[in-house]
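For reference, the structure discussed in these notes is given below.
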Amino acid sequence: MKKILLIVDPGIDDSFAIMYALLSPKIDIVGIVCQFGNVSREDALRNSSFLLNLARREDIPLINGASAPLSGLPPEHYYDIHGTHGMGELNIKNTMFKNIYPFHKIYDLITKYGKDLTIVSLSPLTSLALTYLHAGSNIRDVKEIFVMGGAFLVPGNASHLAEANIYGDPHAAKIVTTHGEGITFVPLNVSHRSIVSKEMIHYLSLQTDAPFSPILKPLMDYYSEQYQLSMPGINGAPLHDVTLLSILTNEDHYTTVNRQIFVDTDDLTKGLTHADFRPVPEMVDDHPINKIVLDINVEHLLNDFMKVMNS
Ligand code: BDR
Ligand code: CA
């Protein structure tokens, strides 16, 4: 079992990722950092509390992550895609918050689990960047770091150039790509291919003894309806954040390339990620090399999703 610290902004696809992680026999969640992104930090905390509550896993610490990008500008949210509070039309306003820890709990977990810990970032990169700046050399001991983010040589989703997690805090993404080495980036290039259909979710929602059954269909119906606006005719929607978790726990089913990653912070090209994909790339001095996932086994990923969600 991988010990995983999740950084999330639920949001519907993050909610599916949290459910997947709670159900996966290969994942042991040691903490969930809630930060701004699809929704405000407060909504991210409430939505995560709601899911832990349903799963009876309130023992998992929830951690207060970043509430705004490093630029100091107000955060941009995506309530249009994720619903009034980030969970479609589900009414979860009365969920009690429990067991919420301050940001430095992240450092305690890094010290505690060190070489056994995997950090997974599924939101703008603010909390991860702050961890790089403040956890000192300890973060270098962490076993592996995975980031859902970036759009390489393909259109973005938050803008025509940029993927939402990078666009949400490009300065943070720049810190991560200049301080972090060997991080695996799972970009839109592959997450856009992981389309979970409404029929798959309908089938899962018939498993009436599973804790999440009642909420799967309302969440996907809402999310896929919103996706019609940007991807007309799509049946279902891409579950970006689940894509990362499935990749992480199925090592033989994806391929990566090692490249230096660059992030634009200028207004005009804000959040654009780029890398030199020529067979022999030109190297920039003192810039670390990270991994970019460029191909996945979609059929295997969707089967894995169904198997885990059905367990
Ligand atoms: C990523 O941005 C968010 O909207 C999603 O939750 C996902 O993490 C996709 O670009
Ligand atoms: Ca997310």
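Residue numbering restarts at 1 in every chain; chains get A, B, ... in the order shown in the structure tokens, and ligands count up from 1 in that same order.
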Self-check item: Expected answer as an MDAnalysis selection string: residues within 10 Å of ligand 1, only C-alpha atoms and all ligand atoms
Solution: chainID A and resid 7:17 37:39 77:78 81:82 121:124 147:151 156:158 162:168 186:188 191:192 238:244
Those residues with N, CA and C atoms, as a short mmCIF file (atom, residue, chain, number, x, y, z; two decimals), in the first residue's frame please?
data_model
loop_
_atom_site.label_atom_id
_atom_site.label_comp_id
_atom_site.auth_asym_id
_atom_site.auth_seq_id
_atom_site.Cartn_x
_atom_site.Cartn_y
_atom_site.Cartn_z
N ILE A 7 -3.31 16.48 -2.00
CA ILE A 7 -3.61 17.92 -1.97
C ILE A 7 -4.73 18.14 -2.99
N VAL A 8 -5.87 18.64 -2.52
CA VAL A 8 -7.07 18.62 -3.37
C VAL A 8 -7.84 19.94 -3.35
N ASP A 9 -8.73 20.10 -4.35
CA ASP A 9 -9.64 21.26 -4.40
C ASP A 9 -11.03 20.78 -4.85
N PRO A 10 -11.66 19.88 -4.07
CA PRO A 10 -12.94 19.28 -4.53
C PRO A 10 -14.10 20.28 -4.52
N GLY A 11 -14.77 20.44 -5.61
CA GLY A 11 -14.68 19.96 -6.97
C GLY A 11 -15.07 18.49 -7.18
N ILE A 12 -15.74 18.29 -8.37
CA ILE A 12 -16.30 16.97 -8.63
C ILE A 12 -15.22 15.95 -8.98
N ASP A 13 -14.27 16.28 -9.86
CA ASP A 13 -13.32 15.22 -10.20
C ASP A 13 -12.37 14.94 -9.04
N ASP A 14 -12.08 15.95 -8.22
CA ASP A 14 -11.31 15.68 -6.99
C ASP A 14 -12.11 14.78 -6.05
N SER A 15 -13.44 14.98 -6.00
CA SER A 15 -14.27 14.14 -5.12
C SER A 15 -14.20 12.69 -5.59
N PHE A 16 -14.27 12.47 -6.91
CA PHE A 16 -14.12 11.10 -7.41
C PHE A 16 -12.74 10.56 -7.04
N ALA A 17 -11.72 11.42 -7.10
CA ALA A 17 -10.37 10.95 -6.76
C ALA A 17 -10.28 10.58 -5.27
N GLY A 37 -9.08 26.41 -5.45
CA GLY A 37 -8.91 25.93 -6.82
C GLY A 37 -10.29 25.91 -7.45
N ASN A 38 -10.79 24.73 -7.76
CA ASN A 38 -12.16 24.65 -8.28
C ASN A 38 -13.13 25.43 -7.40
N VAL A 39 -12.87 25.37 -6.08
CA VAL A 39 -13.74 26.01 -5.08
C VAL A 39 -12.85 26.72 -4.06
N HIS A 77 -12.26 30.63 -9.17
CA HIS A 77 -12.88 29.33 -8.91
C HIS A 77 -13.72 28.90 -10.11
N TYR A 78 -14.21 27.65 -10.05
CA TYR A 78 -14.99 27.11 -11.18
C TYR A 78 -16.31 26.50 -10.68
N ILE A 81 -18.71 24.84 -13.20
CA ILE A 81 -18.49 23.43 -13.59
C ILE A 81 -18.80 22.47 -12.44
N HIS A 82 -18.60 22.93 -11.20
CA HIS A 82 -18.66 21.99 -10.06
C HIS A 82 -19.89 22.18 -9.16
N SER A 121 -0.50 16.03 -5.82
CA SER A 121 -1.13 17.35 -5.90
C SER A 121 -2.15 17.36 -7.04
N LEU A 122 -3.42 17.63 -6.68
CA LEU A 122 -4.51 17.59 -7.67
C LEU A 122 -5.17 18.96 -7.81
N SER A 123 -4.47 20.00 -7.38
CA SER A 123 -5.05 21.35 -7.33
C SER A 123 -4.00 22.34 -7.85
N PRO A 124 -4.28 23.66 -7.86
CA PRO A 124 -3.19 24.60 -8.10
C PRO A 124 -2.02 24.27 -7.16
N VAL A 147 1.99 15.23 -9.80
CA VAL A 147 1.21 16.46 -9.95
C VAL A 147 0.26 16.32 -11.13
N MET A 148 -1.05 16.58 -10.91
CA MET A 148 -1.95 16.68 -12.05
C MET A 148 -1.84 18.12 -12.52
N GLY A 149 -1.23 18.31 -13.71
CA GLY A 149 -1.09 19.67 -14.19
C GLY A 149 -0.31 19.76 -15.48
N GLY A 150 -0.63 20.81 -16.23
CA GLY A 150 0.10 21.10 -17.46
C GLY A 150 -0.67 20.68 -18.70
N ALA A 151 -0.33 21.34 -19.81
CA ALA A 151 -0.85 20.98 -21.13
C ALA A 151 0.32 21.22 -22.08
N GLY A 156 -5.14 24.19 -23.70
CA GLY A 156 -5.44 24.11 -22.28
C GLY A 156 -6.93 24.02 -22.03
N ASN A 157 -7.32 24.13 -20.75
CA ASN A 157 -8.75 24.18 -20.43
C ASN A 157 -9.14 25.47 -19.70
N ALA A 158 -8.23 26.00 -18.85
CA ALA A 158 -8.54 27.27 -18.18
C ALA A 158 -8.39 28.43 -19.16
N ALA A 162 -3.45 27.23 -21.25
CA ALA A 162 -3.06 26.74 -19.92
C ALA A 162 -4.05 25.77 -19.30
N GLU A 163 -3.51 24.81 -18.59
CA GLU A 163 -4.30 23.84 -17.81
C GLU A 163 -4.64 24.51 -16.47
N ALA A 164 -5.80 24.14 -15.89
CA ALA A 164 -6.34 24.89 -14.74
C ALA A 164 -5.44 24.88 -13.50
N ASN A 165 -4.80 23.76 -13.17
CA ASN A 165 -4.00 23.73 -11.95
C ASN A 165 -2.75 24.60 -12.06
N ILE A 166 -2.23 24.75 -13.27
CA ILE A 166 -1.06 25.61 -13.47
C ILE A 166 -1.53 27.06 -13.56
N TYR A 167 -2.61 27.27 -14.29
CA TYR A 167 -3.19 28.61 -14.46
C TYR A 167 -3.60 29.19 -13.10
N GLY A 168 -4.08 28.34 -12.20
CA GLY A 168 -4.57 28.79 -10.89
C GLY A 168 -3.50 29.44 -10.04
N VAL A 186 1.22 14.75 -14.65
CA VAL A 186 0.17 14.10 -15.44
C VAL A 186 -0.64 15.22 -16.10
N PRO A 187 -0.37 15.52 -17.36
CA PRO A 187 -0.99 16.70 -17.99
C PRO A 187 -2.33 16.39 -18.65
N LEU A 188 -2.96 17.44 -19.14
CA LEU A 188 -4.22 17.29 -19.88
C LEU A 188 -4.07 16.36 -21.08
N SER A 191 -5.02 13.20 -19.36
CA SER A 191 -6.24 13.17 -18.53
C SER A 191 -7.49 13.43 -19.37
N HIS A 192 -7.33 14.16 -20.46
CA HIS A 192 -8.49 14.40 -21.33
C HIS A 192 -8.96 13.15 -22.04
N PRO A 238 -14.08 13.73 -18.54
CA PRO A 238 -12.76 13.24 -18.12
C PRO A 238 -12.60 13.41 -16.61
N LEU A 239 -12.12 12.38 -15.95
CA LEU A 239 -11.84 12.50 -14.51
C LEU A 239 -10.32 12.68 -14.36
N HIS A 240 -9.90 13.95 -14.48
CA HIS A 240 -8.47 14.27 -14.51
C HIS A 240 -7.73 13.72 -13.29
N ASP A 241 -8.33 13.95 -12.12
CA ASP A 241 -7.60 13.64 -10.89
C ASP A 241 -7.56 12.13 -10.61
N VAL A 242 -8.60 11.43 -11.04
CA VAL A 242 -8.58 9.96 -10.93
C VAL A 242 -7.50 9.40 -11.85
N THR A 243 -7.34 10.02 -13.02
CA THR A 243 -6.32 9.55 -13.97
C THR A 243 -4.97 9.45 -13.28
N LEU A 244 -4.63 10.48 -12.52
CA LEU A 244 -3.33 10.46 -11.84
C LEU A 244 -3.25 9.29 -10.86
#
Self-check item: Nearby residues (only C-alpha atoms) at most 9 Å from Ile145 of chain A, same-chain spacing under 3 positions excluded, as a list in words
Solution: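 Contacts, with the query itself left out: Leu117, Thr118, Ile119, Val120, Ser121, Val142, Gly180, Gly182, Ile183, Thr184 and Phe185 of chain A.
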Let me see the file: selected residues, N, CA and C atoms, as an mmCIF file, in the first residue's frame.
data_model
loop_
_atom_site.group_PDB
_atom_site.id
_atom_site.type_symbol
_atom_site.label_atom_id
_atom_site.label_comp_id
_atom_site.auth_asym_id
_atom_site.auth_seq_id
_atom_site.Cartn_x
_atom_site.Cartn_y
_atom_site.Cartn_z
ATOM 1 N N LEU A 117 6.697 8.071 1.786
ATOM 2 C CA LEU A 117 5.566 8.955 1.467
ATOM 3 C C LEU A 117 5.511 9.347 -0.011
ATOM 4 N N THR A 118 4.291 9.307 -0.555
ATOM 5 C CA THR A 118 4.021 9.845 -1.894
ATOM 6 C C THR A 118 3.138 11.077 -1.719
ATOM 7 N N ILE A 119 3.552 12.195 -2.326
ATOM 8 C CA ILE A 119 2.703 13.400 -2.292
ATOM 9 C C ILE A 119 2.009 13.522 -3.641
ATOM 10 N N VAL A 120 0.701 13.742 -3.603
ATOM 11 C CA VAL A 120 -0.098 13.840 -4.825
ATOM 12 C C VAL A 120 -0.802 15.196 -4.838
ATOM 13 N N SER A 121 -0.499 16.027 -5.821
ATOM 14 C CA SER A 121 -1.125 17.345 -5.904
ATOM 15 C C SER A 121 -2.154 17.364 -7.044
ATOM 16 N N VAL A 142 11.210 12.517 0.436
ATOM 17 C CA VAL A 142 9.929 11.904 0.090
ATOM 18 C C VAL A 142 10.128 10.947 -1.080
ATOM 19 N N GLY A 180 11.818 21.253 -7.736
ATOM 20 C CA GLY A 180 11.543 19.813 -7.654
ATOM 21 C C GLY A 180 12.230 19.037 -8.748
ATOM 22 N N GLY A 182 12.453 15.101 -10.601
ATOM 23 C CA GLY A 182 11.887 13.743 -10.663
ATOM 24 C C GLY A 182 10.401 13.689 -10.350
ATOM 25 N N ILE A 183 9.746 14.849 -10.312
ATOM 26 C CA ILE A 183 8.287 14.863 -10.101
ATOM 27 C C ILE A 183 7.613 14.340 -11.372
ATOM 28 N N THR A 184 6.542 13.561 -11.209
ATOM 29 C CA THR A 184 5.795 13.083 -12.373
ATOM 30 C C THR A 184 4.599 14.001 -12.615
ATOM 31 N N PHE A 185 4.573 14.646 -13.765
ATOM 32 C CA PHE A 185 3.456 15.516 -14.142
ATOM 33 C C PHE A 185 2.487 14.735 -15.028
#
Determine, counting only C-alpha atoms, which protein, DNA and RNA residues have an atom within 10 Å of an atom of segment 41-54 of chain A; residues of the same chain fewer than 2 positions away are not included. Present the result as a compact mmCIF listing (two decimals) with C-alpha atoms, in the first residue's frame.
# COMPACT_ATOMS: atom_id res chain seq x y z
CA VAL A 8 -7.07 18.62 -3.37
CA ASP A 9 -9.64 21.26 -4.40
CA PRO A 10 -12.94 19.28 -4.53
CA GLY A 11 -14.68 19.96 -6.97
CA ILE A 12 -16.30 16.97 -8.63
CA ASP A 14 -11.31 15.68 -6.99
CA SER A 15 -14.27 14.14 -5.12
CA PHE A 16 -14.12 11.10 -7.41
CA ILE A 18 -10.88 11.07 -2.98
CA MET A 19 -13.49 8.29 -3.23
CA LEU A 22 -10.50 5.73 -0.04
CA ILE A 32 -5.77 15.43 2.88
CA VAL A 33 -4.67 19.03 2.30
CA CYS A 34 -7.61 21.16 1.15
CA GLN A 35 -6.83 24.30 -0.80
CA PHE A 36 -8.43 26.79 -3.17
CA GLY A 37 -8.91 25.93 -6.82
CA ASN A 38 -12.16 24.65 -8.28
CA VAL A 39 -13.74 26.01 -5.08
CA ARG A 56 -16.51 6.66 8.14
CA ARG A 57 -12.86 7.68 7.81
CA GLU A 58 -12.86 10.80 9.97
CA ASP A 59 -9.59 9.52 11.43
CA ILE A 60 -7.82 10.88 8.32
CA PRO A 61 -6.45 14.35 9.11
CA LEU A 62 -7.77 17.23 7.01
CA ILE A 63 -5.22 20.03 6.65
CA ASN A 64 -5.77 23.73 5.93
CA GLY A 65 -3.99 24.39 2.63
CA ALA A 66 -3.52 27.63 0.70
CA SER A 67 -6.51 29.96 0.31
CA ALA A 68 -5.14 32.12 -2.55
CA THR A 84 -22.87 25.94 -5.93
CA HIS A 85 -20.58 24.43 -3.29
CA GLY A 86 -18.49 22.23 -5.58
CA MET A 87 -20.59 19.05 -5.31
CA ILE A 92 -24.05 19.30 2.01
CA LYS A 93 -24.21 22.67 3.74
CA ASN A 94 -24.73 21.10 7.15
CA THR A 95 -21.64 18.90 7.11
CA MET A 96 -19.64 19.30 10.30
CA PHE A 97 -15.92 20.02 9.98
CA LYS A 98 -13.84 17.71 12.11
CA ASN A 99 -10.19 17.10 12.78
CA ILE A 100 -8.72 20.07 10.84
CA ALA A 210 -21.29 0.87 -1.10
CA PRO A 211 -20.92 4.11 0.90
CA PHE A 212 -20.75 6.44 -2.10
CA ILE A 215 -23.89 10.46 -4.76
Practice problem: Tell me, as a list of chain:residue names, which residues lie within 7 Å of segment 270-277 of chain A, counting only C-alpha atoms; anything in the same chain fewer than 3 positions away does not count. | Solution: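 The residues satisfying every condition are A:Gly150, A:Ala151, A:Phe152, A:Leu161, A:Ala162, A:Glu163, A:Ile166, A:Tyr167, A:Pro170, A:Arg259, A:Gln260, A:Ile261, A:Phe262, A:Val263, A:Asp264, A:Thr265, A:Asp266, A:Asp267, A:Pro281, A:Glu282.
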Write the selection just made, keeping N, CA and C atoms, as a tab-separated table (two decimals), in the first residue's frame?
chain	number	residue	atom	x	y	z
A	150	GLY	N	-0.63	20.81	-16.23
A	150	GLY	CA	0.10	21.10	-17.46
A	150	GLY	C	-0.67	20.68	-18.70
A	151	ALA	N	-0.33	21.34	-19.81
A	151	ALA	CA	-0.85	20.98	-21.13
A	151	ALA	C	0.32	21.22	-22.08
A	152	PHE	N	0.86	20.13	-22.64
A	152	PHE	CA	2.05	20.24	-23.47
A	152	PHE	C	1.69	20.03	-24.93
A	161	LEU	N	-4.24	28.26	-23.72
A	161	LEU	CA	-2.87	27.79	-23.55
A	161	LEU	C	-2.64	26.97	-22.29
A	162	ALA	N	-3.45	27.23	-21.25
A	162	ALA	CA	-3.06	26.74	-19.92
A	162	ALA	C	-4.05	25.77	-19.30
A	163	GLU	N	-3.51	24.81	-18.59
A	163	GLU	CA	-4.30	23.84	-17.81
A	163	GLU	C	-4.64	24.51	-16.47
A	166	ILE	N	-2.23	24.75	-13.27
A	166	ILE	CA	-1.06	25.61	-13.47
A	166	ILE	C	-1.53	27.06	-13.56
A	167	TYR	N	-2.61	27.27	-14.29
A	167	TYR	CA	-3.19	28.61	-14.46
A	167	TYR	C	-3.60	29.19	-13.10
A	170	PRO	N	0.41	30.16	-11.37
A	170	PRO	CA	1.61	29.90	-12.17
A	170	PRO	C	2.91	30.14	-11.40
A	259	ARG	N	12.02	15.58	-18.98
A	259	ARG	CA	12.28	16.89	-19.59
A	259	ARG	C	12.35	18.00	-18.53
A	260	GLN	N	13.04	19.06	-18.85
A	260	GLN	CA	12.94	20.29	-18.06
A	260	GLN	C	11.59	20.93	-18.40
A	261	ILE	N	10.88	21.38	-17.38
A	261	ILE	CA	9.55	21.97	-17.60
A	261	ILE	C	9.60	23.47	-17.28
A	262	PHE	N	9.00	24.28	-18.14
A	262	PHE	CA	8.99	25.73	-17.94
A	262	PHE	C	7.55	26.22	-17.86
A	263	VAL	N	7.33	27.22	-17.00
A	263	VAL	CA	5.98	27.75	-16.79
A	263	VAL	C	5.99	29.25	-17.04
A	264	ASP	N	5.05	29.75	-17.83
A	264	ASP	CA	4.96	31.19	-18.08
A	264	ASP	C	4.10	31.85	-17.01
A	265	THR	N	4.57	33.01	-16.52
A	265	THR	CA	3.78	33.76	-15.54
A	265	THR	C	3.30	35.10	-16.11
A	266	ASP	N	3.71	35.41	-17.36
A	266	ASP	CA	3.27	36.68	-17.97
A	266	ASP	C	1.76	36.67	-18.18
A	267	ASP	N	1.16	37.86	-18.14
A	267	ASP	CA	-0.30	37.95	-18.28
A	267	ASP	C	-0.82	37.27	-19.54
A	281	PRO	N	17.06	17.30	-26.46
A	281	PRO	CA	16.64	18.64	-26.06
A	281	PRO	C	17.82	19.54	-25.70
A	282	GLU	N	17.60	20.83	-25.89
A	282	GLU	CA	18.59	21.80	-25.45
A	282	GLU	C	18.40	21.98	-23.94
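With only C-alpha atoms and all ligand atoms as the basis for measurement, A:Leu245 is the residue among A:Leu245, A:Ile201, A:Ile106, A:Ala172 that approaches ligand 2 most closely.
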Quiz prompt | Residue nearest ligand 2 among A:Leu229, A:Leu125, A:Leu90, A:Ala21 (counting only C-alpha atoms and all ligand atoms) | solution =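 Looking at the shortest contact to ligand 2, the residue is A:Leu125.
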Self-check item: From A:Leu73, A:Val284, A:Leu6, A:Leu219, residue lying nearest ligand 2 [only C-alpha atoms and all ligand atoms]
Solution: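 Comparing A:Leu73, A:Val284, A:Leu6, A:Leu219 against ligand 2, the winner is A:Leu6.
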Among segment 125-193 of chain A, which ones does DSSP assign to strand (DSSP E) (computed from the backbone)? Answer as a PDB file with N, CA and C atoms, in the first residue's frame.
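Full text of result_11.pdb as output:
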ATOM      1  N   GLU A 144       8.158   9.905  -3.647  1.00  0.00           N
ATOM      2  CA  GLU A 144       7.788  10.365  -4.991  1.00  0.00           C
ATOM      3  C   GLU A 144       6.729  11.457  -4.884  1.00  0.00           C
ATOM      4  N   ILE A 145       6.678  12.289  -5.921  1.00  0.00           N
ATOM      5  CA  ILE A 145       5.677  13.355  -5.975  1.00  0.00           C
ATOM      6  C   ILE A 145       5.013  13.300  -7.350  1.00  0.00           C
ATOM      7  N   PHE A 146       3.681  13.335  -7.351  1.00  0.00           N
ATOM      8  CA  PHE A 146       2.903  13.332  -8.598  1.00  0.00           C
ATOM      9  C   PHE A 146       2.051  14.602  -8.637  1.00  0.00           C
ATOM     10  N   VAL A 147       1.989  15.229  -9.795  1.00  0.00           N
ATOM     11  CA  VAL A 147       1.214  16.459  -9.950  1.00  0.00           C
ATOM     12  C   VAL A 147       0.255  16.317 -11.129  1.00  0.00           C
ATOM     13  N   MET A 148      -1.045  16.575 -10.908  1.00  0.00           N
ATOM     14  CA  MET A 148      -1.954  16.685 -12.054  1.00  0.00           C
ATOM     15  C   MET A 148      -1.839  18.122 -12.524  1.00  0.00           C
ATOM     16  N   THR A 184       6.542  13.561 -11.209  1.00  0.00           N
ATOM     17  CA  THR A 184       5.795  13.083 -12.373  1.00  0.00           C
ATOM     18  C   THR A 184       4.599  14.001 -12.615  1.00  0.00           C
ATOM     19  N   PHE A 185       4.573  14.646 -13.765  1.00  0.00           N
ATOM     20  CA  PHE A 185       3.456  15.516 -14.142  1.00  0.00           C
ATOM     21  C   PHE A 185       2.487  14.735 -15.028  1.00  0.00           C
ATOM     22  N   VAL A 186       1.223  14.752 -14.649  1.00  0.00           N
ATOM     23  CA  VAL A 186       0.170  14.100 -15.437  1.00  0.00           C
ATOM     24  C   VAL A 186      -0.638  15.220 -16.095  1.00  0.00           C
TER      25      VAL A 186
END
Quiz item: Residues at most 7 Å from Val257 of chain A, counting only C-alpha atoms, excluding those fewer than 3 positions away in the same chain, as a PyMOL selection string?
Solution: chain A and resi 291-293
Exercise. Identify which of the residues A:Asn258, A:Thr269, A:Asn138, A:Thr249 lies closest to His300 of chain A, counting only C-alpha atoms when measuring atom-to-atom distances.
Key: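 That would be A:Thr249, the residue with the smallest distance to His300 of chain A.
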Exercise. Can you check which residues of segment 42-236 of chain A DSSP gives as alpha helix (DSSP H) on the backbone and send them as a VMD selection string?
Key: chain A and resid 42 to 55 79 to 82 105 to 113 126 to 134 164 to 167 170 to 179 188 to 191 198 to 205 213 to 230
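Taking atom CA of His287 of chain A and atom CA of Ser71 of chain A as the two end points, the separation is 22.2 Å.
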Exercise. Identify, on the basis of only C-alpha atoms, every residue whose closest approach to Ser213 of chain A does not exceed 10 Å; exclude the query and any residue fewer than 3 positions from it along the same chain; express the result as a PyMOL selection string.
Key: chain A and resi 201-210+216-218+309-310
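Among A:Thr255, A:Ser24, A:Ser230, A:Ser194, the residue with the shortest atom-to-atom distance to Leu301 of chain A, counting only C-alpha atoms, is A:Ser194.
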Quiz item: Which of these residues is nearest to Leu109 of chain A, using only C-alpha atoms: A:Leu5, A:Ile27, A:Leu128, A:Leu70?
Solution: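 Result for the nearest residue to Leu109 of chain A: A:Leu5.
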